[in-house]
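Chemist: Input: one structure, supplied below.
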Amino acid sequence: MKIFVCVKHVPDTANNITVAGEDAYDDSDVKFIINPYDEYALEEAVSIVEEKGGEVVVIVVGKDAASTTIRSALAMGVDRAIHIKTDSQFLDSSLTAKALKAAMDEDGFGDLIFTGKGSVDTEGFQTPYRLAHALGVPVVNDVSDVSLEDDRVRVTSEIGCGAKQVVEMNSPCVIGVTKGLNEPRYPKVMQVMKAKKKEIKEIVLSDLGIDVDEGKIFMEKLVLVPERSGAKLLEGSVDDQVTELVRVLKEDEKVL
Amino acid sequence: MAQTVNRTGVLIEIENHQVKETSLGVLTAAAGQEIYALVPLDDASGLKEKLAEYGVDHIVSIKGVEDDKISPDLLARILVTAVKEYGLDALLGTAGAAGKDLFARIGAILDEPLLSDCVQVDIPGKKAVKSHFSGKTFATLRVTGILFLCTVRPNAIEAVTAPAEGQLMTFESDAQDPGWMKIVELKKESGGKRDLIEAPIVISGGRALKTARNFEMLDACADKLGGAVGASRAAVDAGYAPHTIQVGQTGKTVSPRLYIACGISGAVQHFAGMKTSKVIVAINEDKDAPIFSKCDYGIVGNIFDVVPALTQKL
Ligand SMILES: Cc1cc2nc3c(=O)[nH]c(=O)nc-3n(C[C@H](O)[C@H](O)[C@H](O)COP(=O)(O)OP(=O)(O)OC[C@H]3O[C@@H](n4cnc5c(N)ncnc54)[C@H](O)[C@@H]3O)c2cc1C
């Protein structure tokens, strides 16, 4: 079995974001990590292959710096990597999906494709869908349980109100995963060492026939969400405090 | 110069035979355009008054989609045919679990850009404002493309009435199900509860709750508030609450008009999921807890005293 896992290199969410100019952010001082949802995808793929045999191939579309994320994925037990190199992190997930598909076509058929349910930087939540459409296969996102049955895949995903649906689909298929699926492993030192020797194939985006200028989404402005200046603390006994809180929420804020 | 009016479809979500509150906000996001309400019911005539009151020019009953196990790929294809039938310039929906999924499928089928989970929408300008970097920034994004596709964050845009005609029509699609996936089961274990993302008020509990049982204290308060219960990751990881109600960077993003955090310290990753709430209240026994520097009102006290007292007062 061959499994592709699509991973994004994103700013660590513990970072502060510094806006540069009108429409960009300054990434020079920012620590980057594996997109958190993608860790569940990596864990799932690696444990399936540990059980059933085969290989896991991670594909990352990103700048040179994304190699740190690729090494972390390899240390989790991924067999080899494909790095599709770009100069800039573009916004249009349609381009990302086209790049991923082209790399998969070049590398050969995959039995399953895992992604995270979305990325925590651009929060578009579309790459799994666009990739599946490009590949002509089904997709389910927000998946918290996966089981494989011959040529069918059974997944559980969330549909709102805490309710879930169980979906059966043909394989190959694209599965976008979320928390609750598994506990991602922490690589041991040995695995980190081994990861340094694993193969990373580099492909330049334009060599896949993809033109970044075909993107259809443009950033016009980026602003920080204003921070609150600090709480007004309510005084007195518990009873005084809650009485005042209810009054403020009703009369001043009008939210009750 | 008169602005061009765009033919704008709004996918209406239904709950207990009524139009969901959140869909009314989406109609307001489309105000000023020629609005086609796409209603997934064989007969939407019962909703005419409500939809017309909120600015709908044309009410379209979409036939044959009432089955709650309908394949999302079929539904997406049906909506694509409706877009073509009515020559729509824009299609808007709610950024809840179902809407996000469906619109991503539509965007993929048409290879059109989609702006997901927006807090402000400018249809003629083909622009919208949405969160980037886990709630830390707002990005104004402009798209090219033929169809303007956008989902709106629940509660982000307040519904305003704008009476229109609400002319009834029906639509039957010839779209085919690709037949490669099937919903085999719906699990509504916590059925009947309010959806966390869509709730106008959210009360969340953190590690301080100590047991799953203690979350009942928050349930009781949420019932009085007409809201939903959320949890921090620490509470979820400790098994006090299911992952489906985790708020934050690896959980849900909520934007209610009132968010009450009980025994939550205020980590950036938690704020990623609730920062755009209108009013944030924190209850924490530690007066130096970081959350107090980032919220609107605070009560320094023990949640096991304060929350029941609050429930009583409501
Ligand atoms: C990649 C990543 C993703 C993450 N994603 C999320 C996420 O989605 N959501 C999330 O919430 N976190 C997330 N976190 C974790 C986050 O960093 C914090 O660890 C977490 O939010 C802490 O939860 P807490 O506030 O409940 O617990 P704590 O930080 O332990 O805070 C508990 C608070 O309760 C107070 N307290 C204790 N007892 C009482 C009492 N009886 N009455 C009143 N107050 C009391 C304490 O003073 C303290 O402030 C993530 C972290 C990482 C690294």
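Chain lettering (A, B, ...) mirrors the order of the structure tokens, residue numbering begins at 1 for each chain separately, and ligand numbering begins at 1 in order of display.
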Skip Gly176 of chain A itself and residues of its chain fewer than 2 positions away, then list as a PyMOL selection string all residues within 7 Å of it, counting only C-alpha atoms.
Modeler: chain A and resi 114-117+128+140-143+174
Chemist: Would you mind listing the residues within 7 Å of ligand 1, counting only C-alpha atoms and all ligand atoms, as a PDB file with N, CA and C atoms, in the first residue's frame?
Modeler:
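Below is the file that was written, out16.pdb:
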```pdb
ATOM      1  N   THR A  13       1.568  28.570  16.058  1.00  0.00           N
ATOM      2  CA  THR A  13       0.481  29.426  16.524  1.00  0.00           C
ATOM      3  C   THR A  13       0.814  30.143  17.818  1.00  0.00           C
ATOM      4  N   PRO A  36      -0.661  21.681  12.560  1.00  0.00           N
ATOM      5  CA  PRO A  36      -1.056  20.720  13.601  1.00  0.00           C
ATOM      6  C   PRO A  36      -1.980  19.588  13.118  1.00  0.00           C
TER       7      PRO A  36
ATOM      8  N   GLY B 205     -15.582  25.652  29.612  1.00  0.00           N
ATOM      9  CA  GLY B 205     -14.896  25.225  30.821  1.00  0.00           C
ATOM     10  C   GLY B 205     -13.496  24.731  30.518  1.00  0.00           C
ATOM     11  N   GLY B 206     -12.591  24.959  31.452  1.00  0.00           N
ATOM     12  CA  GLY B 206     -11.207  24.537  31.290  1.00  0.00           C
ATOM     13  C   GLY B 206     -10.819  23.435  32.245  1.00  0.00           C
ATOM     14  N   ARG B 207      -9.529  23.273  32.415  1.00  0.00           N
ATOM     15  CA  ARG B 207      -8.987  22.233  33.291  1.00  0.00           C
ATOM     16  C   ARG B 207      -9.593  22.302  34.681  1.00  0.00           C
ATOM     17  N   ALA B 208      -9.926  23.511  35.103  1.00  0.00           N
ATOM     18  CA  ALA B 208     -10.463  23.726  36.452  1.00  0.00           C
ATOM     19  C   ALA B 208     -11.756  22.954  36.719  1.00  0.00           C
ATOM     20  N   ALA B 231     -15.200  23.917  25.501  1.00  0.00           N
ATOM     21  CA  ALA B 231     -14.170  23.459  26.431  1.00  0.00           C
ATOM     22  C   ALA B 231     -12.792  23.849  25.928  1.00  0.00           C
ATOM     23  N   SER B 232     -11.843  23.938  26.845  1.00  0.00           N
ATOM     24  CA  SER B 232     -10.451  24.167  26.436  1.00  0.00           C
ATOM     25  C   SER B 232      -9.841  22.815  26.076  1.00  0.00           C
ATOM     26  N   ARG B 233      -8.691  22.883  25.456  1.00  0.00           N
ATOM     27  CA  ARG B 233      -8.028  21.637  25.089  1.00  0.00           C
ATOM     28  C   ARG B 233      -7.613  20.844  26.322  1.00  0.00           C
ATOM     29  N   ALA B 234      -7.210  21.545  27.363  1.00  0.00           N
ATOM     30  CA  ALA B 234      -6.804  20.835  28.577  1.00  0.00           C
ATOM     31  C   ALA B 234      -7.975  20.013  29.115  1.00  0.00           C
ATOM     32  N   ALA B 235      -9.178  20.583  29.064  1.00  0.00           N
ATOM     33  CA  ALA B 235     -10.363  19.858  29.543  1.00  0.00           C
ATOM     34  C   ALA B 235     -10.688  18.677  28.633  1.00  0.00           C
ATOM     35  N   GLN B 246     -14.321  21.286  21.642  1.00  0.00           N
ATOM     36  CA  GLN B 246     -13.098  22.046  21.937  1.00  0.00           C
ATOM     37  C   GLN B 246     -13.079  23.357  21.154  1.00  0.00           C
ATOM     38  N   VAL B 247     -12.798  24.439  21.861  1.00  0.00           N
ATOM     39  CA  VAL B 247     -12.672  25.750  21.221  1.00  0.00           C
ATOM     40  C   VAL B 247     -11.194  26.075  21.115  1.00  0.00           C
ATOM     41  N   GLY B 248     -10.773  26.543  19.952  1.00  0.00           N
ATOM     42  CA  GLY B 248      -9.381  26.958  19.832  1.00  0.00           C
ATOM     43  C   GLY B 248      -8.773  26.523  18.530  1.00  0.00           C
ATOM     44  N   GLN B 249      -7.472  26.680  18.508  1.00  0.00           N
ATOM     45  CA  GLN B 249      -6.751  26.462  17.274  1.00  0.00           C
ATOM     46  C   GLN B 249      -6.922  25.059  16.718  1.00  0.00           C
ATOM     47  N   THR B 250      -6.940  24.041  17.549  1.00  0.00           N
ATOM     48  CA  THR B 250      -7.176  22.700  17.024  1.00  0.00           C
ATOM     49  C   THR B 250      -8.597  22.247  17.329  1.00  0.00           C
ATOM     50  N   GLY B 251      -9.473  23.196  17.549  1.00  0.00           N
ATOM     51  CA  GLY B 251     -10.879  22.875  17.769  1.00  0.00           C
ATOM     52  C   GLY B 251     -11.741  23.795  16.931  1.00  0.00           C
ATOM     53  N   CYS B 262     -14.674  29.798  31.826  1.00  0.00           N
ATOM     54  CA  CYS B 262     -14.681  29.423  33.241  1.00  0.00           C
ATOM     55  C   CYS B 262     -13.473  28.535  33.570  1.00  0.00           C
ATOM     56  N   GLY B 263     -12.561  29.031  34.368  1.00  0.00           N
ATOM     57  CA  GLY B 263     -11.390  28.228  34.738  1.00  0.00           C
ATOM     58  C   GLY B 263     -10.527  27.904  33.542  1.00  0.00           C
ATOM     59  N   ILE B 264     -10.313  28.925  32.700  1.00  0.00           N
ATOM     60  CA  ILE B 264      -9.455  28.802  31.516  1.00  0.00           C
ATOM     61  C   ILE B 264      -8.381  29.878  31.640  1.00  0.00           C
ATOM     62  N   SER B 265      -7.116  29.476  31.390  1.00  0.00           N
ATOM     63  CA  SER B 265      -6.031  30.414  31.673  1.00  0.00           C
ATOM     64  C   SER B 265      -5.848  31.485  30.595  1.00  0.00           C
ATOM     65  N   GLY B 266      -6.241  31.172  29.353  1.00  0.00           N
ATOM     66  CA  GLY B 266      -6.164  32.194  28.308  1.00  0.00           C
ATOM     67  C   GLY B 266      -4.985  32.042  27.364  1.00  0.00           C
ATOM     68  N   ALA B 267      -4.625  30.781  27.034  1.00  0.00           N
ATOM     69  CA  ALA B 267      -3.528  30.519  26.091  1.00  0.00           C
ATOM     70  C   ALA B 267      -3.873  31.073  24.709  1.00  0.00           C
ATOM     71  N   VAL B 268      -2.823  31.471  23.960  1.00  0.00           N
ATOM     72  CA  VAL B 268      -3.071  31.983  22.592  1.00  0.00           C
ATOM     73  C   VAL B 268      -3.878  30.990  21.765  1.00  0.00           C
ATOM     74  N   GLN B 269      -3.584  29.691  21.945  1.00  0.00           N
ATOM     75  CA  GLN B 269      -4.288  28.702  21.118  1.00  0.00           C
ATOM     76  C   GLN B 269      -5.772  28.630  21.474  1.00  0.00           C
ATOM     77  N   HIS B 270      -6.116  28.966  22.696  1.00  0.00           N
ATOM     78  CA  HIS B 270      -7.541  29.019  23.035  1.00  0.00           C
ATOM     79  C   HIS B 270      -8.153  30.280  22.419  1.00  0.00           C
ATOM     80  N   GLY B 273      -9.564  30.535  18.888  1.00  0.00           N
ATOM     81  CA  GLY B 273     -10.904  30.052  18.575  1.00  0.00           C
ATOM     82  C   GLY B 273     -12.037  30.916  19.066  1.00  0.00           C
ATOM     83  N   ILE B 283     -13.963  33.944  34.242  1.00  0.00           N
ATOM     84  CA  ILE B 283     -14.090  33.652  35.668  1.00  0.00           C
ATOM     85  C   ILE B 283     -12.893  32.773  36.025  1.00  0.00           C
ATOM     86  N   ASN B 284     -12.051  33.271  36.934  1.00  0.00           N
ATOM     87  CA  ASN B 284     -10.821  32.537  37.260  1.00  0.00           C
ATOM     88  C   ASN B 284     -10.400  32.918  38.677  1.00  0.00           C
ATOM     89  N   GLU B 285      -9.906  31.924  39.429  1.00  0.00           N
ATOM     90  CA  GLU B 285      -9.572  32.224  40.828  1.00  0.00           C
ATOM     91  C   GLU B 285      -8.223  32.942  40.962  1.00  0.00           C
ATOM     92  N   ASP B 286      -7.430  32.894  39.876  1.00  0.00           N
ATOM     93  CA  ASP B 286      -6.106  33.517  39.915  1.00  0.00           C
ATOM     94  C   ASP B 286      -6.184  34.904  39.284  1.00  0.00           C
ATOM     95  N   ALA B 289      -4.138  35.477  36.209  1.00  0.00           N
ATOM     96  CA  ALA B 289      -4.300  34.600  35.035  1.00  0.00           C
ATOM     97  C   ALA B 289      -4.240  35.466  33.770  1.00  0.00           C
ATOM     98  N   GLY B 301     -12.632  34.572  41.187  1.00  0.00           N
ATOM     99  CA  GLY B 301     -13.357  33.746  42.144  1.00  0.00           C
ATOM    100  C   GLY B 301     -13.362  32.293  41.728  1.00  0.00           C
ATOM    101  N   ASN B 302     -13.916  31.460  42.592  1.00  0.00           N
ATOM    102  CA  ASN B 302     -13.987  30.028  42.345  1.00  0.00           C
ATOM    103  C   ASN B 302     -15.189  29.727  41.444  1.00  0.00           C
ATOM    104  N   ILE B 303     -14.941  29.037  40.320  1.00  0.00           N
ATOM    105  CA  ILE B 303     -16.042  28.760  39.385  1.00  0.00           C
ATOM    106  C   ILE B 303     -17.183  27.990  40.046  1.00  0.00           C
ATOM    107  N   PHE B 304     -16.836  27.153  41.050  1.00  0.00           N
ATOM    108  CA  PHE B 304     -17.888  26.342  41.668  1.00  0.00           C
ATOM    109  C   PHE B 304     -18.816  27.183  42.549  1.00  0.00           C
TER     110      PHE B 304
END
```
Chemist: Please, which residues in segment 58-153 of chain A fall within 10 Å of segment 38-48 of chain A when counting only C-alpha atoms, and what is the closest atom pair and distance in Å to one decimal for each, ordered by chain then residue number, as CSV?
Modeler:
```
residue,atom,partner,partner_atom,distance
A:Val58,CA,A:Leu42,CA,8.2
A:Ser72,CA,A:Glu39,CA,9.8
A:Ala73,CA,A:Leu42,CA,7.1
A:Leu74,CA,A:Leu42,CA,9.4
A:Met76,CA,A:Glu43,CA,7.4
A:Gly77,CA,A:Val46,CA,6.1
A:Val78,CA,A:Val46,CA,6.3
A:Asp79,CA,A:Val46,CA,8.9
A:Leu112,CA,A:Ala45,CA,8.7
A:Ile113,CA,A:Ala45,CA,8.7
A:Phe114,CA,A:Ala41,CA,5.5
A:Thr115,CA,A:Ala41,CA,5.7
A:Gly116,CA,A:Asp38,CA,4.2
A:Lys117,CA,A:Asp38,CA,7.7
A:Gly118,CA,A:Asp38,CA,8.4
A:Ser119,CA,A:Asp38,CA,8.2
A:Val143,CA,A:Ala41,CA,9.9
A:Ser144,CA,A:Tyr40,CA,9.4
A:Asp145,CA,A:Glu44,CA,9.7
A:Val146,CA,A:Glu44,CA,8.5
A:Ser147,CA,A:Ile48,CA,9.6
A:Leu148,CA,A:Ile48,CA,9.2
```
Chemist: Using only C-alpha atoms, pick whichever of B:Leu115, B:Met169, B:Val121, B:Ile59 has the shortest atom-to-atom distance to chain A.
Modeler: B:Leu115
Chemist: Have a look at atom CA of Val139 of chain A and atom CA of Gly93 of chain B and let me know their distance in Å, one decimal.
Modeler: 20.3 Å
Chemist: From a DSSP pass on the backbone, collect the residues of segment 1-194 of chain B flagged as strand (DSSP E or B) and hand them back as a PyMOL selection string.
Modeler: chain B and resi 7-11+14-15+18-19+34-39+58-62+90-94+114-122+127-132+137-143+148-152+167-171+181-187
Chemist: How far is it from atom CA of Ser61 of chain B to atom CA of Glu198 of chain B, in Å with one decimal?
Modeler: 23.9 Å
Chemist: As number ranges by chain, which residues of segment 88-211 of chain B does DSSP assign to helix (DSSP H, G or I)?
Modeler: B: 97-110, 207-209
Chemist: Pick out the residues sitting within 10 Å of Leu141 of chain B, and hand them over as a CSV table (one decimal) with C-alpha atoms, in the first residue's frame; count only C-alpha atoms, and ignore anything fewer than 6 positions along from it in its own chain.
Modeler:
```csv
chain,number,residue,atom,x,y,z
A,23,ASP,CA,-0.8,43.2,3.0
A,91,LEU,CA,-3.2,31.9,-1.2
A,217,ILE,CA,-7.1,35.1,-4.7
A,218,PHE,CA,-5.3,38.4,-3.8
A,219,MET,CA,-4.5,39.8,-0.4
A,220,GLU,CA,-5.6,43.4,-0.3
A,221,LYS,CA,-5.0,44.1,3.4
A,222,LEU,CA,-3.8,42.3,6.5
B,115,LEU,CA,-13.6,32.7,0.6
B,118,CYS,CA,-15.9,35.5,6.3
B,121,VAL,CA,-18.6,40.5,2.5
B,126,LYS,CA,-15.7,40.6,-5.0
B,127,LYS,CA,-14.0,41.0,-1.6
B,128,ALA,CA,-14.4,39.6,1.9
B,129,VAL,CA,-12.7,39.8,5.2
B,130,LYS,CA,-11.7,36.6,7.0
```
Chemist: As number ranges by chain, please: the residues near segment 251-256 of chain A (cut-off 8 Å, only C-alpha atoms, same-chain neighbours under 4 positions excluded).
Modeler: A: 246-247; B: 225, 257-258, 279
Chemist: Taking only C-alpha atoms into account, which of A:Leu135, A:Ile200, A:Val212, A:Val177 comes nearest Thr68 of chain A?
Modeler: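 Nearest candidate to Thr68 of chain A out of A:Leu135, A:Ile200, A:Val212, A:Val177: A:Ile200.
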Chemist: Just the number, please: distance in Å from atom CA of Val60 of chain B to atom CA of Ala164 of chain B, one decimal.
Modeler: 14.5 Å
Chemist: Find the residues near Gln89 of chain A: any atom within 9 Å, counting only C-alpha atoms, skip ones fewer than 2 places away on the same chain, and give them as an NGL selection string.
Modeler: :A and (61-63 or 86-87 or 91)
Chemist: Taking only C-alpha atoms into account, which of B:Asp296, B:Asp219, B:Glu85, B:Asp122 comes nearest chain A?
Modeler: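 The shortest atom-to-atom distance to chain A comes from B:Asp296.
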Chemist: Applying 10 Å and only C-alpha atoms, which residues near Asp12 of chain A remain after dropping the ones on its own chain fewer than 5 positions away? List them as a list in words.
Modeler: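 Once the nearby chain positions are removed, what remains is Ile17, Val30, Lys31, Phe32, Ile33, Ile34, Asn35, Pro36, Val120 and Asp121 of chain A; Phe133 and Ser134 of chain B.
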Chemist: Have a look at A:Gly53, A:Gly209, A:Gly162, A:Pro138 and name the one nearest to Ala99 of chain A; count only C-alpha atoms.
Modeler: A:Gly209
Chemist: With distances taken over only C-alpha atoms, which residue among A:Asp150, A:Ser206, A:Val10, A:Ala65 lies nearest chain B?
Modeler: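 For chain B, the nearest of the candidates is A:Val10.
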Chemist: Check the smallest atom-to-atom distance from each of B:Ala199, B:Ala222, B:Ala98, B:Val160 to chain A using only C-alpha atoms, then report the winner.
Modeler: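 Between B:Ala199, B:Ala222, B:Ala98, B:Val160, the residue approaching chain A most closely is B:Ala98.
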